[in-house]
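Structure first, commentary second.
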Protein chains: 2
Amino acid sequence: MSRDAIPIHVIPPTSESAKAGGLSGNAPPLLRELSELLRKLLSTGESSAIDLSALPLTPADLDWLREKLGEGEIAVTLQANGESTLNETACPGVWWVTHRNEQDSVTAQFIDVTFVPELVKAHRQDVETGLEYLELLISDL
Amino acid sequence: MSRDAIPIHVIPPTSESAKAGGLSGNAPPLLRELSELLRKLLSTGESSAIDLSALPLTPADLDWLREKLGEGEIAVTLQANGESTLNETACPGVWWVTHRNEQDSVTAQFIDVTFVPELVKAHRQDVETGLEYLELLISDL
């Protein structure tokens, strides 16, 4: 049988039934992008982030993506002018990051591809301030 | 006046009234040790940990220490054979770490002096496994 004779059906990223559920079809390609970014992390150590707010994703897309990525073992909350959560997904190295304002509204969502998100690290300058605070504590003993 | 004539009173680390509250006097020197460890972190980048379970500290000592160190902006929970919590204190770079078993009993407590606790970082091998998982997801789309 020649190759030309094989009937080829181009499968769209999402089925019609999925579209009916509010899926735009823009989420599945993100999984492919994440796998590329994970490869880059492993080969070069370079971290990346996908700004979900900047993409044409529906709430259903976000739910689908989050469900596919699953839940990991590590959950981080950061309190700074509203709460941010940085949750490891079931793919270690892939973190779901949500920033909220003081009224608890979501202001931004990212997927970080990194061994550990920068936001979780103490900054050198803050550690220096912390040391001063500790010395003040000690001098008051 | 000769040195021998100076009456020397050795001041214990904690007052009698503090002792009455269950304090052993072993907690305040830990603050001094932490300030040394923070200096080392800043000058060499080297992380340290104090195993609180290995020291003669009373529950009141632990409460005193925790209150003195205060609460920071970052709280991490890690689910792995029981819950571990890694809470930044009000001194950035100083983390209060509590490990619990599956019955929710505290099994160990540490103070970590580090920019970010090792436990929060995704391990290379886990990221490699995560990438395989993601590729499986993609092949199922």
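Residue numbers start at 1 in each chain; chains themselves are named A, B, ... in the order of the structure tokens; ligands are numbered from 1 in the order shown.
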Skipping near chain neighbours, those fewer than 5 positions away, what residues fall within 8 Å of Val120 of chain A using only C-alpha atoms, listed as a PDB file with C-alpha atoms, in the first residue's frame?
ATOM      1  CA  VAL A  76       4.744  27.141  49.947  1.00  0.00           C
ATOM      2  CA  LEU A  78       4.343  33.624  51.082  1.00  0.00           C
TER       3      LEU A  78
ATOM      4  CA  ILE B  74       7.400  32.104  54.099  1.00  0.00           C
ATOM      5  CA  VAL B 116      16.632  28.025  51.311  1.00  0.00           C
TER       6      VAL B 116
END
Closest atom pairs, residues of chain A within 6 Å of chain B, only C-alpha atoms, as JSON lines:
{"residue": "A:Glu73", "atom": "CA", "partner": "B:Gln79", "partner_atom": "CA", "distance": 4.9}
{"residue": "A:Ile74", "atom": "CA", "partner": "B:Leu78", "partner_atom": "CA", "distance": 4.5}
{"residue": "A:Ala75", "atom": "CA", "partner": "B:Thr77", "partner_atom": "CA", "distance": 5.3}
{"residue": "A:Val76", "atom": "CA", "partner": "B:Val76", "partner_atom": "CA", "distance": 4.3}
{"residue": "A:Thr77", "atom": "CA", "partner": "B:Ala75", "partner_atom": "CA", "distance": 5.3}
{"residue": "A:Leu78", "atom": "CA", "partner": "B:Ile74", "partner_atom": "CA", "distance": 4.6}
{"residue": "A:Gln79", "atom": "CA", "partner": "B:Glu73", "partner_atom": "CA", "distance": 4.9}
{"residue": "A:Cys91", "atom": "CA", "partner": "B:Gly130", "partner_atom": "CA", "distance": 4.1}
{"residue": "A:Pro92", "atom": "CA", "partner": "B:Val127", "partner_atom": "CA", "distance": 4.9}
{"residue": "A:Gly93", "atom": "CA", "partner": "B:Val127", "partner_atom": "CA", "distance": 5.5}
{"residue": "A:Phe115", "atom": "CA", "partner": "B:Ala122", "partner_atom": "CA", "distance": 4.8}
{"residue": "A:Val116", "atom": "CA", "partner": "B:Lys121", "partner_atom": "CA", "distance": 5.0}
{"residue": "A:Lys121", "atom": "CA", "partner": "B:Val116", "partner_atom": "CA", "distance": 5.0}
{"residue": "A:Ala122", "atom": "CA", "partner": "B:Phe115", "partner_atom": "CA", "distance": 4.8}
{"residue": "A:Asp126", "atom": "CA", "partner": "B:Pro92", "partner_atom": "CA", "distance": 5.9}
{"residue": "A:Val127", "atom": "CA", "partner": "B:Pro92", "partner_atom": "CA", "distance": 4.9}
{"residue": "A:Gly130", "atom": "CA", "partner": "B:Cys91", "partner_atom": "CA", "distance": 4.1}
DSSP-assigned strand (DSSP E or B) among chain A, expressed as a ChimeraX atom specification: /A:48-51,74-79,83-88,94-100,106-113
Any chance you can output those residues with N, CA and C atoms as a PDB file, in the first residue's frame?
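File written: out-v7.pdb
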ATOM      1  N   SER A  48      12.842  28.768  34.104  1.00  0.00           N
ATOM      2  CA  SER A  48      11.932  29.491  33.208  1.00  0.00           C
ATOM      3  C   SER A  48      10.605  29.695  33.919  1.00  0.00           C
ATOM      4  N   ALA A  49       9.794  30.568  33.362  1.00  0.00           N
ATOM      5  CA  ALA A  49       8.436  30.755  33.875  1.00  0.00           C
ATOM      6  C   ALA A  49       7.494  31.012  32.713  1.00  0.00           C
ATOM      7  N   ILE A  50       6.289  30.478  32.812  1.00  0.00           N
ATOM      8  CA  ILE A  50       5.241  30.769  31.830  1.00  0.00           C
ATOM      9  C   ILE A  50       4.205  31.634  32.539  1.00  0.00           C
ATOM     10  N   ASP A  51       3.957  32.810  31.995  1.00  0.00           N
ATOM     11  CA  ASP A  51       2.972  33.711  32.583  1.00  0.00           C
ATOM     12  C   ASP A  51       1.598  33.317  32.041  1.00  0.00           C
ATOM     13  N   ILE A  74       5.289  19.441  47.944  1.00  0.00           N
ATOM     14  CA  ILE A  74       5.699  20.689  48.595  1.00  0.00           C
ATOM     15  C   ILE A  74       4.726  21.819  48.284  1.00  0.00           C
ATOM     16  N   ALA A  75       4.271  22.518  49.337  1.00  0.00           N
ATOM     17  CA  ALA A  75       3.403  23.684  49.172  1.00  0.00           C
ATOM     18  C   ALA A  75       4.009  24.832  49.967  1.00  0.00           C
ATOM     19  N   VAL A  76       4.136  25.977  49.302  1.00  0.00           N
ATOM     20  CA  VAL A  76       4.744  27.141  49.947  1.00  0.00           C
ATOM     21  C   VAL A  76       3.727  28.268  49.971  1.00  0.00           C
ATOM     22  N   THR A  77       3.593  28.943  51.113  1.00  0.00           N
ATOM     23  CA  THR A  77       2.806  30.178  51.132  1.00  0.00           C
ATOM     24  C   THR A  77       3.736  31.317  51.520  1.00  0.00           C
ATOM     25  N   LEU A  78       3.516  32.438  50.869  1.00  0.00           N
ATOM     26  CA  LEU A  78       4.343  33.624  51.082  1.00  0.00           C
ATOM     27  C   LEU A  78       3.395  34.776  51.347  1.00  0.00           C
ATOM     28  N   GLN A  79       3.562  35.416  52.507  1.00  0.00           N
ATOM     29  CA  GLN A  79       2.691  36.546  52.866  1.00  0.00           C
ATOM     30  C   GLN A  79       3.432  37.836  52.596  1.00  0.00           C
ATOM     31  N   GLU A  83      -1.424  37.040  49.700  1.00  0.00           N
ATOM     32  CA  GLU A  83      -0.792  35.720  49.801  1.00  0.00           C
ATOM     33  C   GLU A  83      -0.395  35.184  48.424  1.00  0.00           C
ATOM     34  N   SER A  84       0.795  34.648  48.354  1.00  0.00           N
ATOM     35  CA  SER A  84       1.201  33.916  47.154  1.00  0.00           C
ATOM     36  C   SER A  84       1.351  32.452  47.547  1.00  0.00           C
ATOM     37  N   THR A  85       0.943  31.571  46.642  1.00  0.00           N
ATOM     38  CA  THR A  85       1.159  30.145  46.883  1.00  0.00           C
ATOM     39  C   THR A  85       2.028  29.604  45.753  1.00  0.00           C
ATOM     40  N   LEU A  86       2.967  28.748  46.134  1.00  0.00           N
ATOM     41  CA  LEU A  86       3.880  28.135  45.168  1.00  0.00           C
ATOM     42  C   LEU A  86       3.807  26.640  45.421  1.00  0.00           C
ATOM     43  N   ASN A  87       3.046  25.954  44.601  1.00  0.00           N
ATOM     44  CA  ASN A  87       2.807  24.532  44.831  1.00  0.00           C
ATOM     45  C   ASN A  87       3.551  23.680  43.819  1.00  0.00           C
ATOM     46  N   GLU A  88       4.343  22.768  44.339  1.00  0.00           N
ATOM     47  CA  GLU A  88       4.999  21.818  43.456  1.00  0.00           C
ATOM     48  C   GLU A  88       3.919  20.957  42.818  1.00  0.00           C
ATOM     49  N   VAL A  94       8.341  21.518  38.337  1.00  0.00           N
ATOM     50  CA  VAL A  94       7.251  22.339  37.787  1.00  0.00           C
ATOM     51  C   VAL A  94       6.382  22.819  38.953  1.00  0.00           C
ATOM     52  N   TRP A  95       6.311  24.132  39.122  1.00  0.00           N
ATOM     53  CA  TRP A  95       5.605  24.744  40.259  1.00  0.00           C
ATOM     54  C   TRP A  95       4.453  25.603  39.758  1.00  0.00           C
ATOM     55  N   TRP A  96       3.308  25.485  40.402  1.00  0.00           N
ATOM     56  CA  TRP A  96       2.148  26.328  40.059  1.00  0.00           C
ATOM     57  C   TRP A  96       2.133  27.494  41.049  1.00  0.00           C
ATOM     58  N   VAL A  97       2.257  28.694  40.503  1.00  0.00           N
ATOM     59  CA  VAL A  97       2.422  29.877  41.346  1.00  0.00           C
ATOM     60  C   VAL A  97       1.227  30.817  41.169  1.00  0.00           C
ATOM     61  N   THR A  98       0.570  31.156  42.269  1.00  0.00           N
ATOM     62  CA  THR A  98      -0.585  32.059  42.231  1.00  0.00           C
ATOM     63  C   THR A  98      -0.328  33.235  43.164  1.00  0.00           C
ATOM     64  N   HIS A  99      -0.444  34.429  42.636  1.00  0.00           N
ATOM     65  CA  HIS A  99      -0.303  35.622  43.477  1.00  0.00           C
ATOM     66  C   HIS A  99      -1.680  36.232  43.714  1.00  0.00           C
ATOM     67  N   ARG A 100      -1.931  36.581  44.980  1.00  0.00           N
ATOM     68  CA  ARG A 100      -3.198  37.225  45.334  1.00  0.00           C
ATOM     69  C   ARG A 100      -2.914  38.582  45.977  1.00  0.00           C
ATOM     70  N   VAL A 106      -6.995  36.841  42.774  1.00  0.00           N
ATOM     71  CA  VAL A 106      -5.829  36.381  42.022  1.00  0.00           C
ATOM     72  C   VAL A 106      -5.356  37.508  41.103  1.00  0.00           C
ATOM     73  N   THR A 107      -4.092  37.869  41.210  1.00  0.00           N
ATOM     74  CA  THR A 107      -3.548  38.957  40.380  1.00  0.00           C
ATOM     75  C   THR A 107      -2.646  38.406  39.272  1.00  0.00           C
ATOM     76  N   ALA A 108      -2.086  37.221  39.493  1.00  0.00           N
ATOM     77  CA  ALA A 108      -1.228  36.635  38.457  1.00  0.00           C
ATOM     78  C   ALA A 108      -1.041  35.152  38.724  1.00  0.00           C
ATOM     79  N   GLN A 109      -0.878  34.403  37.644  1.00  0.00           N
ATOM     80  CA  GLN A 109      -0.586  32.970  37.769  1.00  0.00           C
ATOM     81  C   GLN A 109       0.556  32.607  36.824  1.00  0.00           C
ATOM     82  N   PHE A 110       1.496  31.850  37.355  1.00  0.00           N
ATOM     83  CA  PHE A 110       2.656  31.424  36.576  1.00  0.00           C
ATOM     84  C   PHE A 110       2.856  29.927  36.745  1.00  0.00           C
ATOM     85  N   ILE A 111       3.513  29.319  35.772  1.00  0.00           N
ATOM     86  CA  ILE A 111       4.107  28.011  36.000  1.00  0.00           C
ATOM     87  C   ILE A 111       5.613  28.237  35.979  1.00  0.00           C
ATOM     88  N   ASP A 112       6.259  27.953  37.099  1.00  0.00           N
ATOM     89  CA  ASP A 112       7.716  28.092  37.193  1.00  0.00           C
ATOM     90  C   ASP A 112       8.363  26.743  36.933  1.00  0.00           C
ATOM     91  N   VAL A 113       9.393  26.746  36.126  1.00  0.00           N
ATOM     92  CA  VAL A 113      10.157  25.519  35.881  1.00  0.00           C
ATOM     93  C   VAL A 113      11.547  25.745  36.477  1.00  0.00           C
TER      94      VAL A 113
END
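Chains of identical sequence, chain A and chain B give a C-alpha root-mean-square deviation of 1.5 Å after superposition over all matched alpha carbons.
Across the model, the gap from atom CA of Asn101 of chain B to atom CA of Gly22 of chain B is 26.6 Å.
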